[in-house]
file input04.csv (CSV, C-alpha atoms)
chain,number,residue,atom,x,y,z
A,1,MET,CA,223.7,298.0,26.1
A,2,THR,CA,223.1,296.8,29.6
A,3,ASP,CA,219.4,296.0,29.4
A,4,PRO,CA,218.1,294.7,26.0
A,5,LYS,CA,214.6,294.1,27.4
A,6,SER,CA,214.2,297.8,28.3
A,7,PHE,CA,215.5,298.7,24.8
A,8,LEU,CA,213.0,296.4,23.1
A,9,THR,CA,210.2,297.6,25.3
A,10,SER,CA,211.0,301.2,24.2
A,11,ILE,CA,210.8,300.1,20.6
A,12,PHE,CA,207.3,298.6,21.2
A,13,ASN,CA,206.2,301.7,23.0
A,14,ALA,CA,207.3,303.9,20.1
A,15,ALA,CA,205.4,301.8,17.6
A,16,VAL,CA,202.3,301.9,19.7
A,17,ALA,CA,202.6,305.7,20.2
A,18,ALA,CA,202.7,306.2,16.4
A,19,ALA,CA,199.2,304.7,16.3
A,20,ASP,CA,197.8,306.8,19.1
A,21,PRO,CA,194.1,307.5,18.2
A,22,GLU,CA,194.1,311.1,19.4
A,23,LYS,CA,197.0,312.0,17.1
A,24,THR,CA,195.7,310.1,14.1
A,25,ILE,CA,192.0,310.9,14.2
A,26,ARG,CA,192.6,314.6,14.4
A,27,ASN,CA,194.2,314.4,10.9
A,28,HIS,CA,191.1,312.7,9.4
A,29,LEU,CA,188.1,314.6,10.7
A,30,PRO,CA,185.2,314.7,8.2
A,31,ALA,CA,183.2,317.8,7.3
A,32,LYS,CA,180.4,318.5,9.6
A,33,PRO,CA,176.9,317.6,8.4
A,34,LYS,CA,173.7,319.6,8.2
A,35,GLY,CA,172.0,317.0,10.3
A,36,ARG,CA,173.1,314.5,13.1
A,37,THR,CA,176.5,313.0,13.7
A,38,ILE,CA,176.3,309.4,14.8
A,39,VAL,CA,179.5,307.6,15.9
A,40,ILE,CA,179.7,303.8,15.7
A,41,GLY,CA,182.6,301.4,16.0
A,42,ALA,CA,184.0,298.0,16.7
A,43,GLY,CA,187.4,296.6,17.6
A,44,LYS,CA,190.0,296.3,20.3
A,45,GLY,CA,191.0,299.9,19.8
A,46,SER,CA,187.5,301.3,19.2
A,47,ALA,CA,186.8,302.7,22.8
A,48,GLN,CA,190.1,304.7,22.7
A,49,MET,CA,189.2,305.9,19.3
A,50,ALA,CA,185.8,307.0,20.5
A,51,ALA,CA,187.4,308.9,23.5
A,52,ALA,CA,189.8,310.6,21.1
A,53,PHE,CA,187.0,311.5,18.7
A,54,GLU,CA,185.0,313.1,21.5
A,55,LYS,CA,188.0,315.3,22.4
A,56,VAL,CA,188.6,316.6,18.9
A,57,TRP,CA,185.0,316.9,17.6
A,58,ASP,CA,183.3,320.2,18.7
A,59,GLY,CA,179.8,319.4,17.5
A,60,PRO,CA,177.0,317.4,19.0
A,61,ILE,CA,177.3,313.6,18.7
A,62,ASP,CA,175.5,310.4,19.7
A,63,GLY,CA,177.2,307.0,19.4
A,64,LEU,CA,177.8,303.4,20.3
A,65,VAL,CA,180.9,301.3,20.0
A,66,VAL,CA,181.8,297.8,21.0
A,67,THR,CA,185.2,296.6,22.3
A,68,ARG,CA,186.8,293.6,24.1
A,69,TYR,CA,186.2,293.0,27.7
A,70,GLY,CA,188.6,295.1,29.7
A,71,TYR,CA,189.4,297.4,26.8
A,72,GLY,CA,186.8,300.1,27.6
A,73,ALA,CA,187.6,303.9,27.9
A,74,ARG,CA,185.8,306.8,29.6
A,75,CYS,CA,183.5,308.5,27.2
A,76,GLU,CA,180.8,311.2,27.9
A,77,ARG,CA,178.6,311.1,24.8
A,78,ILE,CA,179.5,307.7,23.1
A,79,GLU,CA,178.3,304.5,24.8
A,80,ILE,CA,180.9,301.8,25.2
A,81,ILE,CA,179.8,298.1,25.2
A,82,GLU,CA,182.2,295.3,26.0
A,83,ALA,CA,181.9,291.8,24.5
A,84,ALA,CA,184.0,288.7,24.0
A,85,HIS,CA,187.1,288.2,21.8
A,86,PRO,CA,188.4,286.1,20.1
A,87,VAL,CA,185.2,283.9,20.4
A,88,PRO,CA,181.9,285.8,20.1
A,89,ASP,CA,179.3,285.9,22.8
A,90,ALA,CA,175.7,287.1,23.5
A,91,ALA,CA,177.0,290.6,24.5
A,92,GLY,CA,178.5,291.0,21.0
A,93,LEU,CA,175.3,289.8,19.5
A,94,GLU,CA,173.3,292.4,21.3
A,95,ALA,CA,175.9,295.1,20.4
A,96,SER,CA,175.5,294.2,16.7
A,97,ARG,CA,171.7,294.5,17.0
A,98,ARG,CA,172.0,297.9,18.6
A,99,LEU,CA,174.6,299.2,16.1
A,100,LEU,CA,172.3,298.3,13.2
A,101,GLU,CA,169.4,299.9,15.0
A,102,LYS,CA,171.5,303.0,15.7
A,103,VAL,CA,172.0,303.8,12.0
A,104,ARG,CA,168.6,303.0,10.7
A,105,GLY,CA,166.2,305.8,9.8
A,106,LEU,CA,168.9,308.4,9.0
A,107,THR,CA,168.7,311.0,6.2
A,108,SER,CA,171.1,312.3,3.6
A,109,ASP,CA,171.8,315.2,5.9
A,110,ASP,CA,173.2,312.9,8.6
A,111,LEU,CA,176.8,311.7,9.1
A,112,VAL,CA,177.9,308.3,10.4
A,113,VAL,CA,181.5,308.1,11.6
A,114,ALA,CA,182.7,304.5,11.9
A,115,LEU,CA,185.7,303.8,14.2
A,116,ILE,CA,187.0,300.4,13.1
A,117,SER,CA,190.0,298.5,14.4
A,118,GLY,CA,191.1,294.9,14.5
A,119,GLY,CA,189.2,292.5,16.6
A,120,GLY,CA,185.8,293.7,15.3
A,121,SER,CA,185.1,290.5,13.5
A,122,ALA,CA,184.6,288.5,16.8
A,123,LEU,CA,183.0,291.5,18.5
A,124,LEU,CA,180.2,291.8,15.9
A,125,PRO,CA,178.4,288.4,15.7
A,126,SER,CA,175.2,288.8,13.7
A,127,PRO,CA,174.3,285.5,12.1
A,128,ALA,CA,172.6,285.4,8.8
A,129,SER,CA,169.0,284.2,8.5
A,130,GLY,CA,168.7,280.5,9.4
A,131,LEU,CA,172.0,280.6,11.5
A,132,THR,CA,172.4,281.0,15.2
A,133,LEU,CA,175.0,282.5,17.5
A,134,ALA,CA,176.2,279.0,18.2
A,135,ASP,CA,176.8,278.5,14.4
A,136,GLU,CA,178.8,281.7,14.2
A,137,ILE,CA,180.9,280.7,17.2
A,138,ALA,CA,181.6,277.4,15.6
A,139,VAL,CA,182.6,279.1,12.4
A,140,ASN,CA,184.9,281.4,14.3
A,141,GLU,CA,186.5,278.5,16.2
A,142,ALA,CA,187.1,276.6,13.0
A,143,LEU,CA,188.7,279.7,11.4
A,144,LEU,CA,191.0,280.3,14.4
A,145,ALA,CA,192.2,276.7,14.3
A,146,SER,CA,192.7,276.5,10.6
A,147,GLY,CA,195.9,278.4,10.1
A,148,ALA,CA,194.3,280.4,7.3
A,149,PRO,CA,195.5,284.0,6.8
A,150,ILE,CA,193.4,286.8,8.2
A,151,ALA,CA,192.1,288.0,4.8
A,152,ALA,CA,190.7,284.5,4.0
A,153,MET,CA,189.1,284.2,7.4
A,154,ASN,CA,187.4,287.6,7.1
A,155,THR,CA,186.1,286.8,3.6
A,156,ILE,CA,184.4,283.8,5.1
A,157,ARG,CA,183.1,285.7,8.1
A,158,LYS,CA,181.4,288.3,6.0
A,159,HIS,CA,179.4,285.6,4.2
A,160,VAL,CA,177.7,284.4,7.3
A,161,SER,CA,176.8,287.8,8.7
A,162,THR,CA,174.2,290.5,8.5
A,163,ILE,CA,176.5,293.3,9.6
A,164,LYS,CA,179.9,292.6,8.0
A,165,GLY,CA,181.0,293.0,4.4
A,166,GLY,CA,179.7,296.6,4.2
A,167,ARG,CA,176.2,295.7,5.5
A,168,LEU,CA,176.4,298.1,8.5
A,169,ALA,CA,177.1,301.0,6.1
A,170,ALA,CA,174.3,299.9,3.7
A,171,ALA,CA,171.9,300.0,6.7
A,172,ALA,CA,172.9,303.6,7.3
A,173,HIS,CA,172.0,304.7,3.7
A,174,PRO,CA,171.2,307.5,2.7
A,175,ALA,CA,173.4,308.9,5.4
A,176,ARG,CA,177.1,309.6,4.5
A,177,VAL,CA,179.4,307.1,6.2
A,178,VAL,CA,183.1,308.1,6.9
A,179,SER,CA,185.1,305.1,8.2
A,180,LEU,CA,188.3,305.8,10.2
A,181,VAL,CA,190.2,302.5,10.2
A,182,VAL,CA,193.2,301.3,12.2
A,183,SER,CA,194.6,298.5,10.0
A,184,ASP,CA,195.8,295.2,11.5
A,185,ILE,CA,195.7,293.5,8.1
A,186,PRO,CA,198.8,292.7,6.0
A,187,GLY,CA,198.5,294.9,2.9
A,188,ASP,CA,196.2,297.4,4.8
A,189,ASN,CA,193.0,296.7,2.9
A,190,PRO,CA,190.5,298.5,5.0
A,191,ALA,CA,187.6,296.3,3.7
A,192,LEU,CA,189.2,293.4,5.6
A,193,VAL,CA,189.7,295.1,8.9
A,194,ALA,CA,187.1,293.7,11.3
A,195,SER,CA,185.6,292.0,8.2
A,196,GLY,CA,184.6,295.4,6.8
A,197,PRO,CA,181.3,296.2,8.5
A,198,THR,CA,181.3,299.6,6.7
A,199,VAL,CA,183.6,298.9,3.8
A,200,PRO,CA,182.7,296.4,1.1
A,201,ASP,CA,185.2,294.5,-1.0
A,202,THR,CA,185.3,292.2,-4.0
A,203,GLY,CA,185.8,289.0,-2.1
A,204,SER,CA,183.0,286.6,-3.1
A,205,ARG,CA,181.3,283.5,-1.6
A,206,ALA,CA,183.2,281.6,-4.2
A,207,ASP,CA,186.4,282.9,-2.6
A,208,ALA,CA,185.1,281.9,0.8
A,209,LEU,CA,184.3,278.4,-0.4
A,210,ALA,CA,187.7,278.1,-2.0
A,211,SER,CA,189.4,279.0,1.3
A,212,ILE,CA,187.2,276.6,3.3
A,213,ALA,CA,188.3,273.8,1.0
A,214,ALA,CA,192.0,274.8,0.9
A,215,TYR,CA,192.4,274.9,4.6
A,216,GLY,CA,190.2,271.8,5.4
A,217,MET,CA,187.8,273.8,7.6
A,218,LYS,CA,185.0,271.9,9.2
A,219,LEU,CA,182.1,274.4,9.4
A,220,PRO,CA,178.6,273.6,10.6
A,221,ALA,CA,176.3,272.2,7.9
A,222,SER,CA,174.0,275.1,8.3
A,223,ALA,CA,176.8,277.6,7.7
A,224,MET,CA,178.0,275.7,4.6
A,225,ALA,CA,174.5,275.6,3.2
A,226,HIS,CA,174.2,279.3,3.6
A,227,ILE,CA,177.5,280.2,2.0
A,228,GLN,CA,176.6,278.0,-0.9
A,229,SER,CA,173.4,280.0,-1.5
A,230,SER,CA,173.0,283.4,-3.1
A,231,ALA,CA,171.6,284.7,0.2
A,232,ALA,CA,175.2,284.9,1.4
A,233,ASP,CA,176.2,287.4,-1.3
A,234,ALA,CA,177.7,290.5,0.2
A,235,PRO,CA,177.2,294.1,-1.2
A,236,ARG,CA,179.7,295.0,-3.9
A,237,PRO,CA,181.9,298.1,-3.8
A,238,ASN,CA,179.9,299.6,-6.8
A,239,ASP,CA,176.6,299.4,-4.9
A,240,PRO,CA,175.1,302.9,-5.1
A,241,ARG,CA,174.4,302.9,-1.3
A,242,PHE,CA,178.2,303.4,-0.8
A,243,ALA,CA,178.5,306.3,-3.2
A,244,GLY,CA,179.8,309.4,-1.4
A,245,ASN,CA,181.1,307.4,1.5
A,246,GLU,CA,184.8,307.9,2.6
A,247,VAL,CA,187.4,305.5,4.1
A,248,HIS,CA,190.5,306.8,5.8
A,249,LEU,CA,193.4,304.6,7.1
A,250,THR,CA,194.4,306.4,10.3
A,251,ALA,CA,197.1,304.0,11.5
A,252,SER,CA,199.0,301.0,10.1
A,253,ALA,CA,201.9,298.6,10.8
A,254,GLY,CA,204.1,300.4,8.3
A,255,VAL,CA,203.8,303.8,10.1
A,256,SER,CA,204.5,302.1,13.4
A,257,LEU,CA,207.5,300.2,12.1
A,258,GLU,CA,209.0,303.5,10.8
A,259,ALA,CA,208.5,305.0,14.3
A,260,ALA,CA,210.3,302.0,15.7
A,261,VAL,CA,213.2,302.6,13.4
A,262,ALA,CA,213.4,306.2,14.4
A,263,GLU,CA,213.4,305.3,18.1
A,264,ALA,CA,216.2,302.8,17.6
A,265,LYS,CA,218.3,305.3,15.7
A,266,ARG,CA,217.7,307.9,18.4
A,267,GLN,CA,219.3,305.4,20.8
A,268,GLY,CA,222.2,304.8,18.5
A,269,ILE,CA,221.2,301.5,16.9
A,270,GLU,CA,220.7,301.1,13.2
A,271,ALA,CA,217.4,299.4,12.2
A,272,VAL,CA,216.0,297.6,9.2
A,273,ILE,CA,212.4,296.6,8.3
A,274,LEU,CA,212.0,293.2,6.6
A,275,SER,CA,208.4,293.7,5.8
A,276,ASP,CA,205.2,295.1,7.4
A,277,ALA,CA,203.0,292.4,5.8
A,278,ILE,CA,204.5,289.0,6.8
A,279,GLU,CA,202.1,286.1,6.9
A,280,GLY,CA,202.4,282.4,7.3
A,281,GLU,CA,202.6,279.7,10.0
A,282,ALA,CA,204.0,281.4,13.1
A,283,ARG,CA,206.5,278.7,13.9
A,284,GLU,CA,207.8,278.6,10.3
A,285,VAL,CA,208.1,282.4,10.2
A,286,GLY,CA,209.9,282.2,13.6
A,287,GLY,CA,212.4,279.7,12.1
A,288,VAL,CA,213.1,282.0,9.1
A,289,HIS,CA,213.7,285.0,11.4
A,290,ALA,CA,216.0,282.9,13.5
A,291,ALA,CA,218.1,281.9,10.5
A,292,ILE,CA,218.5,285.6,9.6
A,293,ALA,CA,219.4,286.5,13.1
A,294,ARG,CA,222.0,283.7,13.3
A,295,GLU,CA,223.5,284.9,10.0
A,296,VAL,CA,224.0,288.4,11.3
A,297,ALA,CA,225.3,287.2,14.7
A,298,THR,CA,227.8,284.8,13.3
A,299,ARG,CA,228.8,286.2,9.9
A,300,ASN,CA,227.8,289.9,10.1
A,301,ARG,CA,225.6,289.6,7.0
A,302,PRO,CA,223.2,290.6,5.4
A,303,PHE,CA,223.2,293.4,8.0
A,304,ALA,CA,226.2,294.7,10.0
A,305,LYS,CA,226.0,294.5,13.8
A,306,PRO,CA,224.7,296.1,15.9
A,307,VAL,CA,221.3,296.2,14.3
A,308,LEU,CA,217.6,296.0,15.1
A,309,ILE,CA,215.6,293.8,12.7
A,310,LEU,CA,211.9,294.6,12.6
A,311,SER,CA,208.9,293.0,10.9
A,312,GLY,CA,205.2,293.3,11.1
A,313,GLY,CA,202.1,291.5,9.7
A,314,GLU,CA,200.0,288.7,11.1
A,315,THR,CA,201.1,285.1,11.3
A,316,THR,CA,198.7,282.3,12.0
A,317,VAL,CA,198.7,279.2,14.1
A,318,THR,CA,197.3,275.8,13.1
A,319,LEU,CA,196.1,274.3,16.3
A,320,ARG,CA,197.5,270.8,16.9
A,321,ALA,CA,196.8,270.6,20.6
A,322,LYS,CA,195.0,272.6,23.4
A,323,GLY,CA,198.0,274.4,25.0
A,324,LYS,CA,198.1,278.1,26.0
A,325,GLY,CA,199.6,280.7,23.7
A,326,GLY,CA,199.1,283.0,20.7
A,327,ARG,CA,200.8,283.6,17.4
A,328,ASN,CA,203.5,285.9,18.8
A,329,SER,CA,204.6,283.6,21.6
A,330,GLU,CA,204.5,280.6,19.2
A,331,PHE,CA,206.6,282.6,16.7
A,332,LEU,CA,209.1,283.4,19.5
A,333,LEU,CA,209.3,279.9,20.9
A,334,ALA,CA,210.3,278.6,17.4
A,335,PHE,CA,212.7,281.6,17.1
A,336,ALA,CA,214.2,280.7,20.5
A,337,ILE,CA,214.8,277.1,19.4
A,338,GLY,CA,216.4,278.5,16.3
A,339,ILE,CA,218.9,280.7,18.1
A,340,ASP,CA,219.6,278.3,21.0
A,341,ALA,CA,223.1,279.0,22.5
A,342,VAL,CA,223.9,281.8,20.0
A,343,ASN,CA,225.1,284.9,22.0
A,344,GLY,CA,224.2,288.5,21.3
A,345,ILE,CA,220.6,288.0,20.1
A,346,ASP,CA,217.6,289.4,22.0
A,347,ALA,CA,214.1,289.5,20.7
A,348,LEU,CA,210.5,290.6,21.4
A,349,ALA,CA,207.4,289.5,19.6
A,350,ALA,CA,204.2,291.1,20.6
A,351,ASP,CA,200.7,292.1,19.4
A,352,THR,CA,200.4,295.9,19.4
A,353,ASP,CA,196.9,295.7,21.0
A,354,GLY,CA,198.5,294.3,24.2
A,355,ILE,CA,197.0,290.8,23.9
A,356,ASP,CA,198.4,287.7,22.2
A,357,GLY,CA,195.8,284.9,22.1
A,358,SER,CA,193.6,284.5,25.1
A,359,GLU,CA,195.9,285.2,28.0
A,360,ASN,CA,197.0,288.6,29.4
A,361,ASN,CA,200.3,288.9,27.7
A,362,ALA,CA,201.1,290.7,24.4
A,363,GLY,CA,203.9,288.3,23.6
A,364,ALA,CA,207.3,287.4,25.1
A,365,PHE,CA,211.1,288.0,25.2
A,366,ALA,CA,213.7,285.5,24.0
A,367,ASP,CA,217.5,285.3,23.7
A,368,GLY,CA,220.1,282.7,23.1
A,369,SER,CA,219.8,281.3,26.7
A,370,THR,CA,216.0,280.9,26.6
A,371,VAL,CA,215.9,277.2,25.7
A,372,ALA,CA,218.5,276.3,28.3
A,373,ARG,CA,216.6,278.3,31.0
A,374,MET,CA,213.4,276.5,30.0
A,375,ARG,CA,215.3,273.2,30.3
A,376,ALA,CA,216.5,274.1,33.8
A,377,ALA,CA,212.9,274.9,34.7
A,378,GLY,CA,211.8,271.5,33.6
A,379,VAL,CA,210.3,272.6,30.3
A,380,ASP,CA,211.1,271.0,27.0
A,381,ALA,CA,210.8,273.9,24.4
A,382,LYS,CA,210.3,271.6,21.4
A,383,ALA,CA,207.5,269.7,23.2
A,384,MET,CA,205.9,273.0,24.2
A,385,LEU,CA,206.0,274.1,20.6
A,386,ALA,CA,204.5,270.9,19.3
A,387,GLY,CA,201.7,271.3,21.8
A,388,ASN,CA,200.9,274.9,21.0
A,389,ASN,CA,201.9,275.7,24.6
A,390,ALA,CA,204.3,278.7,24.1
A,391,TRP,CA,202.6,280.7,26.9
A,392,THR,CA,203.4,278.0,29.5
A,393,ALA,CA,207.0,277.8,28.2
A,394,PHE,CA,207.7,281.5,28.5
A,395,ASN,CA,205.8,281.8,31.8
A,396,ALA,CA,208.1,279.2,33.3
A,397,VAL,CA,211.2,281.4,32.8
A,398,GLY,CA,209.5,284.8,33.5
A,399,ASP,CA,209.8,286.1,30.0
A,400,LEU,CA,206.2,287.0,29.2
A,401,PHE,CA,205.6,290.6,28.0
A,402,VAL,CA,202.5,292.1,29.7
A,403,PRO,CA,202.0,295.8,28.8
A,404,GLY,CA,198.2,295.7,29.2
A,405,PRO,CA,195.7,297.1,26.6
A,406,THR,CA,197.3,299.7,24.4
A,407,GLY,CA,194.2,301.3,22.9
A,408,THR,CA,195.3,300.6,19.3
A,409,ASN,CA,195.9,297.6,17.1
A,410,VAL,CA,198.3,297.6,14.1
A,411,ASN,CA,199.1,294.0,14.2
A,412,ASP,CA,202.2,292.2,15.4
A,413,LEU,CA,205.6,293.7,16.1
A,414,ARG,CA,208.7,291.6,15.9
A,415,ALA,CA,212.0,293.3,17.1
A,416,ILE,CA,215.3,291.4,17.0
A,417,LEU,CA,218.4,293.1,18.5
A,418,ILE,CA,221.7,291.7,17.4
A,419,ARG,CA,224.6,293.2,19.5
call {"tool": "encode", "arguments": {"input": "input04.csv", "output": "structure tokens"}}
result
Amino acid sequence: MTDPKSFLTSIFNAAVAAADPEKTIRNHLPAKPKGRTIVIGAGKGSAQMAAAFEKVWDGPIDGLVVTRYGYGARCERIEIIEAAHPVPDAAGLEASRRLLEKVRGLTSDDLVVALISGGGSALLPSPASGLTLADEIAVNEALLASGAPIAAMNTIRKHVSTIKGGRLAAAAHPARVVSLVVSDIPGDNPALVASGPTVPDTGSRADALASIAAYGMKLPASAMAHIQSSAADAPRPNDPRFAGNEVHLTASAGVSLEAAVAEAKRQGIEAVILSDAIEGEAREVGGVHAAIAREVATRNRPFAKPVLILSGGETTVTLRAKGKGGRNSEFLLAFAIGIDAVNGIDALAADTDGIDGSENNAGAFADGSTVARMRAAGVDAKAMLAGNNAWTAFNAVGDLFVPGPTGTNVNDLRAILIR
């Protein structure tokens, strides 16, 4: 193989293509209603989902979805609003207000189609009574810095909101709500994607408080007081307002990883999937993946070379400093340190939505020469990792991966080629 980066990019592209909204939504269209069809949505892939829905739905529709700045798509009948991610802003607050207004006053003859993908939590700020947008921003920042898994973060988010935790679907009652969900959650619980605006789950405020304590989160006093009160309780799955609603998982990390395996085999490389639901501290997961890659490279076990090792899921980063980066680049910097000077290993770690953290890269590439090349460029890889500054480290050697917005979001893809 002459160009491992091209191979790894083709693997990423195959994984993303498997989650293409136009393909997946067509297979999950609901029955047409007697009354109106209202399309709502939120997430980094929601605009592309809306554009796909318009193509495959042959009846009249009206709708509104919110997506990240720069992630819009051309729609004729569904309005697209853009807002901030990963930290909420006033545009997201207005989008939440308008979405709730959009579904009020419907009847049992009407249908609400909810297009939900990862990223919707930040895009739907709607603070509970007594809280402000500033409070919700502070909560979000504390969650992002905590190192808590996404399921714990979203359980907390839904207890400070008037739209998450099934509340958007409850507002649409008595209309039937059909949620089409692209999962970026390890384990694929649709109620946790975007903090479940249309899908309730069993997570309680007691669970939220336990996670706040376990991860040492410093939330605003107003938010803590709210979560400790019964006013924070979210609707339960057995609430009669959800009877008759449907939830369909249209794309997930598992399906995309299987597509990546098929593409590798098409190119003559055997592939294995470690897991589609890996969680944990990004740098620690990177170290474990590096140990597996070294074992294969040097001892030809537990997998025979050549092989592509794949994994998915969503790691977390506990912020220790204010460097630039995201969970995939931090994972990969730890991985690069772990395979330093080992020949025959090439890796890509990237978020399938096209953005890792706050910069414009989805992730980065690494190989056994990465740390040495960083050193030659005046960059200390270990110091960069200690400072949460992985973006700066990979930028210095030209190894950032920048595919642009992909229109979907099935979490992280880690692909390790051992030649």
call {"tool": "closest_residue", "arguments": {"input": "input04.csv", "among": "A:Met49, A:Arg176, A:Phe7, A:Ile292", "to": "Gly244 (chain A)", "atoms": "all atoms listed in the file"}}
result
A:Arg176
call {"tool": "residues_near_point", "arguments": {"input": "input04.csv", "point": "(175.3, 320.3, 6.5)", "cutoff": "12 Å", "atoms": "only C-alpha atoms", "output": "list in words"}}
result
Pro30, Ala31, Lys32, Pro33, Lys34, Gly35, Arg36, Thr37, Gly59, Thr107, Ser108, Asp109, Asp110, Leu111, Ala175 and Arg176 of chain A
call {"tool": "residues_around", "arguments": {"input": "input04.csv", "residues": "Leu124 (chain A)", "least_positions_apart": "4", "cutoff": "8 Å", "atoms": "only C-alpha atoms", "output": "list in words"}}
result
Ala42, Pro88, Gly92, Leu93, Ala95, Ser96, Gly120, Ile163 and Lys164 of chain A
call {"tool": "residues_around", "arguments": {"input": "input04.csv", "residues": "Asn409 (chain A)", "least_positions_apart": "2", "cutoff": "9 Å", "atoms": "all atoms listed in the file", "output": "list in words"}}
result
Val16, Ala19, Gly43, Lys44, Gly45, Ser117, Gly118, Gly119, Val182, Ser183, Asp184, Ala251, Ser252, Ala253, Asp351, Thr352, Asp353, Gly354, Thr406, Gly407, Asn411 and Asp412 of chain A
call {"tool": "atom_distance", "arguments": {"input": "input04.csv", "atom1": "CA of Pro21 (chain A)", "atom2": "CA of Leu144 (chain A)"}}
result
27.6 Å
call {"tool": "atom_distance", "arguments": {"input": "input04.csv", "atom1": "CA of Ala114 (chain A)", "atom2": "CA of Ala142 (chain A)"}}
result
28.3 Å
call {"tool": "residues_around", "arguments": {"input": "input04.csv", "residues": "Gly313 (chain A)", "least_positions_apart": "5", "cutoff": "12 Å", "atoms": "all atoms listed in the file", "output": "tab-separated table (two decimals) with C-alpha atoms, in the frame of the given file"}}
result
chain	number	residue	atom	x	y	z
A	149	PRO	CA	195.50	284.00	6.80
A	150	ILE	CA	193.40	286.80	8.20
A	151	ALA	CA	192.10	288.00	4.80
A	183	SER	CA	194.60	298.50	10.00
A	184	ASP	CA	195.80	295.20	11.50
A	185	ILE	CA	195.70	293.50	8.10
A	186	PRO	CA	198.80	292.70	6.00
A	187	GLY	CA	198.50	294.90	2.90
A	188	ASP	CA	196.20	297.40	4.80
A	252	SER	CA	199.00	301.00	10.10
A	253	ALA	CA	201.90	298.60	10.80
A	254	GLY	CA	204.10	300.40	8.30
A	256	SER	CA	204.50	302.10	13.40
A	257	LEU	CA	207.50	300.20	12.10
A	273	ILE	CA	212.40	296.60	8.30
A	274	LEU	CA	212.00	293.20	6.60
A	275	SER	CA	208.40	293.70	5.80
A	276	ASP	CA	205.20	295.10	7.40
A	277	ALA	CA	203.00	292.40	5.80
A	278	ILE	CA	204.50	289.00	6.80
A	279	GLU	CA	202.10	286.10	6.90
A	280	GLY	CA	202.40	282.40	7.30
A	281	GLU	CA	202.60	279.70	10.00
A	282	ALA	CA	204.00	281.40	13.10
A	285	VAL	CA	208.10	282.40	10.20
A	327	ARG	CA	200.80	283.60	17.40
A	328	ASN	CA	203.50	285.90	18.80
A	349	ALA	CA	207.40	289.50	19.60
A	350	ALA	CA	204.20	291.10	20.60
A	351	ASP	CA	200.70	292.10	19.40
A	352	THR	CA	200.40	295.90	19.40
A	409	ASN	CA	195.90	297.60	17.10
A	410	VAL	CA	198.30	297.60	14.10
A	411	ASN	CA	199.10	294.00	14.20
A	412	ASP	CA	202.20	292.20	15.40
A	413	LEU	CA	205.60	293.70	16.10
A	414	ARG	CA	208.70	291.60	15.90
call {"tool": "residues_around", "arguments": {"input": "input04.csv", "residues": "region 210-223 of chain A", "least_positions_apart": "6", "cutoff": "8 Å", "atoms": "only C-alpha atoms", "output": "list in words"}}
result
Gly130, Leu131, Asp135, Glu136, Ala138, Val139, Ala142, Leu143, Ser146, Gly147, Ala148, Ala152, Ile156 and Val160 of chain A
call {"tool": "atom_distance", "arguments": {"input": "input04.csv", "atom1": "CA of Thr155 (chain A)", "atom2": "CA of Gly203 (chain A)"}}
result
6.1 Å
call {"tool": "residues_around", "arguments": {"input": "input04.csv", "residues": "Leu249 (chain A)", "least_positions_apart": "6", "cutoff": "10 Å", "atoms": "all atoms listed in the file", "output": "list in words"}}
result
Thr24, Ile25, His28, Ile116, Ser179, Leu180, Val181, Val182, Ser183, Asp188, Asn189 and Pro190 of chain A
call {"tool": "residues_near_point", "arguments": {"input": "input04.csv", "point": "(179.9, 281.4, -4.5)", "cutoff": "9 Å", "atoms": "all atoms listed in the file", "output": "JSON list (two decimals) with C-alpha atoms, in the coordinates of the input"}}
result
[["chain", "number", "residue", "atom", "x", "y", "z"],
["A", 204, "SER", "CA", 183.00, 286.60, -3.10],
["A", 205, "ARG", "CA", 181.30, 283.50, -1.60],
["A", 206, "ALA", "CA", 183.20, 281.60, -4.20],
["A", 207, "ASP", "CA", 186.40, 282.90, -2.60],
["A", 208, "ALA", "CA", 185.10, 281.90, 0.80],
["A", 209, "LEU", "CA", 184.30, 278.40, -0.40],
["A", 210, "ALA", "CA", 187.70, 278.10, -2.00],
["A", 227, "ILE", "CA", 177.50, 280.20, 2.00],
["A", 228, "GLN", "CA", 176.60, 278.00, -0.90],
["A", 229, "SER", "CA", 173.40, 280.00, -1.50],
["A", 230, "SER", "CA", 173.00, 283.40, -3.10],
["A", 232, "ALA", "CA", 175.20, 284.90, 1.40],
["A", 233, "ASP", "CA", 176.20, 287.40, -1.30]]
call {"tool": "closest_residue", "arguments": {"input": "input04.csv", "among": "A:Ala170, A:Leu385, A:Val177, A:Ile78", "to": "Arg236 (chain A)", "atoms": "all atoms listed in the file"}}
result
A:Ala170
call {"tool": "closest_residue", "arguments": {"input": "input04.csv", "among": "A:Gly387, A:Pro197, A:Pro125, A:Gly398", "to": "Met374 (chain A)", "atoms": "all atoms listed in the file"}}
result
A:Gly398
